[in-house]
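Raw query-v6.cif, mmCIF, C-alpha atoms:
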data_final
#
loop_
_atom_site.label_atom_id
_atom_site.label_comp_id
_atom_site.auth_asym_id
_atom_site.auth_seq_id
_atom_site.Cartn_x
_atom_site.Cartn_y
_atom_site.Cartn_z
CA MET A 1 0.00 0.00 0.00
CA SER A 2 1.44 3.37 -0.94
CA SER A 3 2.16 5.96 1.71
CA PHE A 4 -0.61 8.12 0.24
CA PHE A 5 -3.25 5.42 0.73
CA ARG A 6 -1.94 4.56 4.20
CA LEU A 7 -2.28 8.22 5.16
CA ALA A 8 -5.77 8.36 3.69
CA VAL A 9 -6.87 5.26 5.64
CA VAL A 10 -5.41 6.56 8.90
CA SER A 11 -7.08 9.96 8.39
CA ALA A 12 -10.42 8.32 7.66
CA CYS A 13 -10.16 6.14 10.77
CA CYS A 14 -9.29 9.14 12.93
CA SER A 15 -12.24 11.06 11.51
CA CYS A 16 -14.59 8.17 12.29
CA LEU A 17 -13.27 7.86 15.86
CA LEU A 18 -13.62 11.58 16.47
CA ALA A 19 -17.13 11.57 15.06
CA ALA A 20 -18.07 8.59 17.21
CA ALA A 21 -16.63 10.24 20.31
CA GLY A 22 -18.57 13.42 19.62
CA THR A 23 -21.74 11.44 18.99
CA SER A 24 -21.47 9.40 22.17
CA ARG A 25 -21.71 12.60 24.18
CA GLY A 26 -23.53 14.69 21.62
CA GLN A 27 -26.39 12.32 20.96
CA GLU A 28 -27.05 12.32 24.69
CA ARG A 29 -27.54 16.08 24.47
CA GLU A 30 -31.29 16.19 24.25
CA THR A 31 -32.55 17.50 20.96
CA ALA A 32 -34.21 20.91 21.10
CA SER A 33 -37.97 20.63 21.38
CA ALA A 34 -40.23 22.44 18.98
CA PRO A 35 -41.89 25.48 20.58
CA PRO A 36 -45.00 24.20 22.37
CA GLU A 37 -48.43 25.15 21.12
CA PRO A 38 -49.95 27.10 24.02
CA LEU A 39 -53.34 26.19 25.39
CA SER A 40 -53.98 29.90 25.74
CA CYS A 41 -52.22 33.25 25.51
CA VAL A 42 -53.90 36.29 27.06
CA HIS A 43 -52.80 39.93 27.08
CA ALA A 44 -54.28 41.98 29.93
CA PRO A 45 -54.89 45.77 29.69
CA ASP A 46 -52.18 46.40 32.31
CA GLY A 47 -49.56 44.75 30.10
CA ARG A 48 -49.51 41.38 31.81
CA VAL A 49 -49.14 38.35 29.56
CA THR A 50 -50.42 34.92 30.60
CA VAL A 51 -49.43 31.80 28.68
CA ARG A 52 -50.57 28.27 29.48
CA GLY A 53 -49.26 25.02 28.03
CA THR A 54 -48.88 21.33 28.81
CA ALA A 55 -45.68 19.62 29.96
CA MET A 56 -44.75 16.84 32.39
CA GLY A 57 -48.32 15.57 32.47
CA THR A 58 -49.78 18.82 33.79
CA VAL A 59 -50.52 22.43 32.84
CA PHE A 60 -47.86 25.11 33.29
CA THR A 61 -48.89 28.76 33.57
CA VAL A 62 -46.49 31.65 33.04
CA ARG A 63 -47.63 35.18 33.93
CA ALA A 64 -45.31 38.11 33.39
CA TYR A 65 -45.23 41.89 33.20
CA PRO A 66 -42.94 43.49 30.60
CA GLY A 67 -39.43 44.23 31.76
CA HIS A 68 -37.78 47.63 31.32
CA GLY A 69 -38.08 48.74 27.69
CA MET A 70 -40.07 45.64 26.67
CA ASP A 71 -43.36 45.58 24.81
CA ALA A 72 -46.14 43.01 24.94
CA ALA A 73 -44.79 41.03 21.99
CA GLN A 74 -41.37 40.66 23.60
CA THR A 75 -42.98 39.65 26.86
CA GLU A 76 -45.06 37.00 25.10
CA LYS A 77 -41.96 35.67 23.36
CA ALA A 78 -40.15 35.36 26.71
CA CYS A 79 -43.14 33.56 28.23
CA MET A 80 -43.24 31.14 25.31
CA GLU A 81 -39.50 30.51 25.65
CA SER A 82 -40.01 29.83 29.35
CA LEU A 83 -42.80 27.37 28.56
CA ALA A 84 -40.63 25.65 25.94
CA CYS A 85 -38.01 25.20 28.66
CA ALA A 86 -40.41 22.96 30.62
CA VAL A 87 -41.00 20.85 27.51
CA ARG A 88 -37.25 20.51 26.91
CA TRP A 89 -36.52 19.45 30.49
CA GLU A 90 -39.35 16.93 30.32
CA LYS A 91 -37.46 15.34 27.43
CA VAL A 92 -34.30 15.25 29.56
CA MET A 93 -35.81 13.89 32.79
CA SER A 94 -38.69 11.69 31.62
CA ALA A 95 -38.35 8.02 32.50
CA MET A 96 -41.39 7.26 30.32
CA ASP A 97 -40.04 8.66 27.04
CA ALA A 98 -38.04 5.85 25.41
CA GLY A 99 -35.94 8.41 23.54
CA SER A 100 -34.80 10.33 26.62
CA GLY A 101 -31.33 10.11 28.11
CA LEU A 102 -32.82 8.94 31.41
CA ALA A 103 -34.66 6.09 29.68
CA ARG A 104 -31.41 5.03 28.01
CA LEU A 105 -29.70 5.03 31.40
CA ASN A 106 -32.48 2.90 32.89
CA ALA A 107 -32.30 0.45 29.98
CA ALA A 108 -28.54 -0.09 30.37
CA GLU A 109 -27.06 -3.00 32.31
CA ASN A 110 -25.58 -2.38 35.72
CA GLY A 111 -21.87 -1.65 35.67
CA VAL A 112 -22.02 -0.05 32.23
CA SER A 113 -20.88 3.55 31.93
CA VAL A 114 -23.65 5.37 30.06
CA PRO A 115 -22.85 8.76 28.44
CA VAL A 116 -25.29 11.43 29.60
CA SER A 117 -25.95 14.92 28.35
CA LEU A 118 -24.80 18.00 30.23
CA GLU A 119 -28.44 18.68 31.11
CA LEU A 120 -29.12 15.20 32.47
CA GLU A 121 -25.84 15.15 34.37
CA LYS A 122 -26.82 18.45 36.02
CA ALA A 123 -30.22 17.05 37.06
CA LEU A 124 -28.77 13.77 38.34
CA LEU A 125 -26.05 15.48 40.38
CA LEU A 126 -28.62 17.80 41.94
CA ALA A 127 -30.83 14.80 42.77
CA LEU A 128 -27.89 13.08 44.48
CA ASP A 129 -27.18 16.28 46.42
CA TYR A 130 -30.77 16.28 47.67
CA ALA A 131 -30.41 12.61 48.63
CA ARG A 132 -27.30 13.38 50.69
CA LEU A 133 -28.88 16.43 52.34
CA THR A 134 -32.00 14.46 53.29
CA LYS A 135 -30.03 11.31 54.24
CA GLY A 136 -31.97 9.35 51.64
CA ALA A 137 -35.46 10.66 52.43
CA PHE A 138 -35.37 11.88 48.83
CA ASP A 139 -33.95 9.10 46.66
CA PRO A 140 -33.86 9.34 42.83
CA THR A 141 -33.18 5.59 42.51
CA LEU A 142 -36.52 4.41 43.90
CA GLY A 143 -37.81 3.57 40.42
CA PRO A 144 -38.16 -0.18 41.24
CA CYS A 145 -40.20 0.60 44.36
CA ILE A 146 -42.36 3.11 42.48
CA ARG A 147 -43.08 0.60 39.69
CA LEU A 148 -43.89 -2.11 42.24
CA TRP A 149 -46.41 0.01 44.13
CA LYS A 150 -48.00 1.29 40.91
CA LYS A 151 -48.47 -2.34 39.86
CA SER A 152 -49.95 -3.10 43.28
CA ARG A 153 -52.43 -0.25 42.91
CA ARG A 154 -53.48 -1.39 39.43
CA HIS A 155 -54.10 -4.97 40.50
CA GLY A 156 -55.33 -4.26 44.01
CA VAL A 157 -52.83 -6.71 45.53
CA LEU A 158 -50.10 -5.81 48.00
CA PRO A 159 -46.56 -6.75 46.93
CA SER A 160 -45.00 -9.81 48.49
CA GLY A 161 -42.11 -9.67 50.89
CA GLY A 162 -39.81 -11.03 48.20
CA GLU A 163 -40.88 -8.37 45.72
CA LEU A 164 -40.31 -5.63 48.26
CA GLU A 165 -36.86 -6.94 49.12
CA ARG A 166 -35.83 -7.16 45.45
CA ALA A 167 -37.02 -3.57 44.88
CA ARG A 168 -35.05 -2.39 47.92
CA ARG A 169 -31.88 -4.13 46.74
CA ALA A 170 -32.22 -2.45 43.34
CA SER A 171 -32.57 0.99 44.94
CA GLY A 172 -30.22 3.23 46.91
CA TRP A 173 -28.79 6.56 45.85
CA GLU A 174 -25.30 5.55 47.05
CA LYS A 175 -25.33 2.88 44.33
CA LEU A 176 -25.55 5.41 41.49
CA TYR A 177 -22.39 7.08 40.20
CA VAL A 178 -22.60 10.28 38.15
CA GLY A 179 -19.71 12.34 36.88
CA LYS A 180 -17.47 13.23 33.94
CA GLY A 181 -20.32 13.02 31.45
CA ALA A 182 -21.46 9.52 32.40
CA ALA A 183 -23.61 7.59 34.86
CA VAL A 184 -23.22 4.05 36.19
CA LYS A 185 -25.81 1.95 38.02
CA THR A 186 -23.88 -0.40 40.27
CA VAL A 187 -26.68 -2.87 41.07
CA PRO A 188 -29.02 -4.90 38.81
CA GLY A 189 -32.55 -3.63 38.27
CA MET A 190 -31.94 -0.03 39.30
CA ARG A 191 -34.23 2.55 37.70
CA VAL A 192 -33.75 6.27 38.21
CA ASP A 193 -36.91 8.33 38.62
CA LEU A 194 -36.71 12.14 38.82
CA GLY A 195 -40.45 12.69 39.17
CA GLY A 196 -40.04 13.89 42.74
CA MET A 197 -38.10 16.97 41.61
CA GLY A 198 -38.90 17.33 37.90
CA LYS A 199 -41.54 20.04 37.99
CA GLY A 200 -39.79 22.14 40.61
CA PHE A 201 -36.51 21.85 38.72
CA ALA A 202 -38.23 22.96 35.51
CA VAL A 203 -39.89 25.92 37.26
CA ASP A 204 -36.48 27.11 38.49
CA ARG A 205 -35.05 26.92 34.94
CA MET A 206 -38.11 28.72 33.54
CA ALA A 207 -37.62 31.56 36.02
CA GLU A 208 -33.96 31.82 34.99
CA ILE A 209 -35.02 32.37 31.38
CA LEU A 210 -37.48 35.13 32.28
CA ARG A 211 -34.85 36.93 34.35
CA LYS A 212 -32.29 36.65 31.54
CA ARG A 213 -34.82 38.26 29.21
CA GLY A 214 -35.18 41.20 31.61
CA ILE A 215 -38.46 40.20 33.25
CA ARG A 216 -38.58 40.60 37.01
CA SER A 217 -42.32 40.52 37.72
CA PHE A 218 -43.63 37.02 36.99
CA PHE A 219 -45.51 34.08 38.43
CA ILE A 220 -44.94 30.47 37.31
CA ASP A 221 -47.39 27.73 38.31
CA SER A 222 -47.05 24.02 37.48
CA THR A 223 -50.15 23.13 39.57
CA SER A 224 -47.86 21.62 42.24
CA ASP A 225 -44.83 23.94 42.25
CA VAL A 226 -44.91 27.73 42.03
CA MET A 227 -42.38 30.55 41.86
CA ALA A 228 -43.01 34.28 42.11
CA GLY A 229 -40.75 37.10 41.08
CA ALA A 230 -40.99 40.73 42.14
CA PRO A 231 -44.41 42.44 42.25
CA PRO A 232 -45.23 44.72 39.31
CA THR A 233 -44.22 48.34 39.64
CA GLY A 234 -46.77 50.13 41.80
CA GLY A 235 -48.71 46.90 42.30
CA ALA A 236 -49.34 44.42 45.09
CA GLY A 237 -48.45 41.27 43.14
CA MET A 238 -50.35 38.78 41.02
CA ALA A 239 -53.05 36.42 42.15
CA ALA A 240 -52.26 32.77 41.49
CA ALA A 241 -55.66 32.04 40.00
CA GLY A 242 -56.25 35.09 37.85
CA GLY A 243 -55.70 35.12 34.06
#
Please re-express this file's structure in structure tokens.
Amino acid sequence: MSSFFRLAVVSACCSCLLAAAGTSRGQERETASAPPEPLSCVHAPDGRVTVRGTAMGTVFTVRAYPGHGMDAAQTEKACMESLACAVRWEKVMSAMDAGSGLARLNAAENGVSVPVSLELEKALLLALDYARLTKGAFDPTLGPCIRLWKKSRRHGVLPSGGELERARRASGWEKLYVGKGAAVKTVPGMRVDLGGMGKGFAVDRMAEILRKRGIRSFFIDSTSDVMAGAPPTGGAGMAAAGG
């Protein structure tokens, strides 16, 4: 083989390896979701914009007053971007969506290092922080126990002692390793479930977007988690139920 062809083969192999390395991390970066179609978008006479949309199995409501120098259209755009954020994080943290990074982690065998996106790594590390702070009262690895009790509710039969013990052995936040762009389940049968923090986590990220867009007076409601910003100028705040 001539030196030219040897160089060409080596270059091609290097290109393939680099592409594969980028894909292993890059494909775990959740694809951007299309902007959600709002259930409603209302502009109030005082400038307030209220947008409602579905995500994470519930209805999210974003209410906001225009920031300094903003008009109603810009405020609506920021609210829609905030709502899209909830949809995007649902894609990252959903254990039910077969295409999500979390579902791929749950489907992997124990002991296998699974590449995770920057977003999922951030959520998993925060979940483990909560587990440490609460000494396990909050545990993101209780997926086996959650599935077992959901099955029990569907069939109206309590789980057996053996089933409970197997679910306990497959759970335990100390048995999940996360870091350097990967996650490893160290016991068979472990399933990570972020449902206990998903909506609140999304609400925090939604508020960050509004603040970055210059909006300070807002109210975000996910039906179970809420966050309020500053009251509108000269006002007493926004009612949670009003449109």
Enumerate, in order of chain and increasing residue number, the residues of stretch 84-201 of chain A with an atom no farther than 10 Å from stretch 210-223 of chain A, each with its shortest atom pair and distance in Å to one decimal, counting all atoms listed in the file, as a tab-separated table.
residue	atom	partner	partner_atom	distance
A:Ala86	CA	A:Ser222	CA	9.6
A:Lys199	CA	A:Ser222	CA	6.8
A:Gly200	CA	A:Ser222	CA	8.1
Mind dumping a table of every stretch 163-192 of chain A residue within 8 Å of stretch 110-132 of chain A, with the nearest atom pair and its distance in Å to one decimal, using only C-alpha atoms, sorted by chain and rising number, as a Markdown table?
| residue | atom | partner | partner_atom | distance |
| --- | --- | --- | --- | --- |
| A:Trp173 | CA | A:Leu128 | CA | 6.7 |
| A:Val178 | CA | A:Leu125 | CA | 6.6 |
| A:Gly179 | CA | A:Glu121 | CA | 7.2 |
| A:Gly181 | CA | A:Val116 | CA | 5.5 |
| A:Ala182 | CA | A:Pro115 | CA | 4.3 |
| A:Ala183 | CA | A:Val114 | CA | 5.3 |
| A:Val184 | CA | A:Ser113 | CA | 4.9 |
| A:Lys185 | CA | A:Asn110 | CA | 4.9 |
| A:Thr186 | CA | A:Gly111 | CA | 5.2 |
| A:Val187 | CA | A:Asn110 | CA | 5.5 |
| A:Pro188 | CA | A:Asn110 | CA | 5.3 |
| A:Gly189 | CA | A:Asn110 | CA | 7.5 |
| A:Met190 | CA | A:Asn110 | CA | 7.7 |
> At what distance in Å, to one decimal, does atom CA of A:Leu83 lie from atom CA of A:Ala107?
Replying inline: 28.9 Å
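Pairwise distance (atom CA of A:Lys77, atom CA of A:Ala44) equals 15.3 Å.
Atom CA of A:Gly143 is positioned 10.8 Å from atom CA of A:Gly196.
This file, filtered with the PyMOL selection byres ((chain A and resi 52) around 8), gives the residues Pro38, Leu39, Ser40, Cys41, Thr50, Val51, Gly53, Thr54, Val59, Phe60, Thr61, Val62 and Leu83 of chain A.
Distances here use only C-alpha atoms; by that measure, the residue among A:Gly47, A:Val87, A:Ala98, A:Lys175 closest to A:Thr75 is A:Gly47.
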Hey, could you make a per-residue contact list for stretch 172-226 of chain A against stretch 134-139 of chain A with 9 Å as the cut-off, showing the nearest pair of atoms and its distance in Å to one decimal, counting all atoms listed in the file, sorted by chain and number, as a Markdown table?
| residue | atom | partner | partner_atom | distance |
| --- | --- | --- | --- | --- |
| A:Gly172 | CA | A:Asp139 | CA | 7.0 |
| A:Trp173 | CA | A:Asp139 | CA | 5.8 |
| A:Glu174 | CA | A:Gly136 | CA | 8.9 |
| A:Val192 | CA | A:Asp139 | CA | 8.9 |
| A:Asp193 | CA | A:Asp139 | CA | 8.6 |
| A:Leu194 | CA | A:Asp139 | CA | 8.9 |
| A:Gly196 | CA | A:Phe138 | CA | 7.9 |
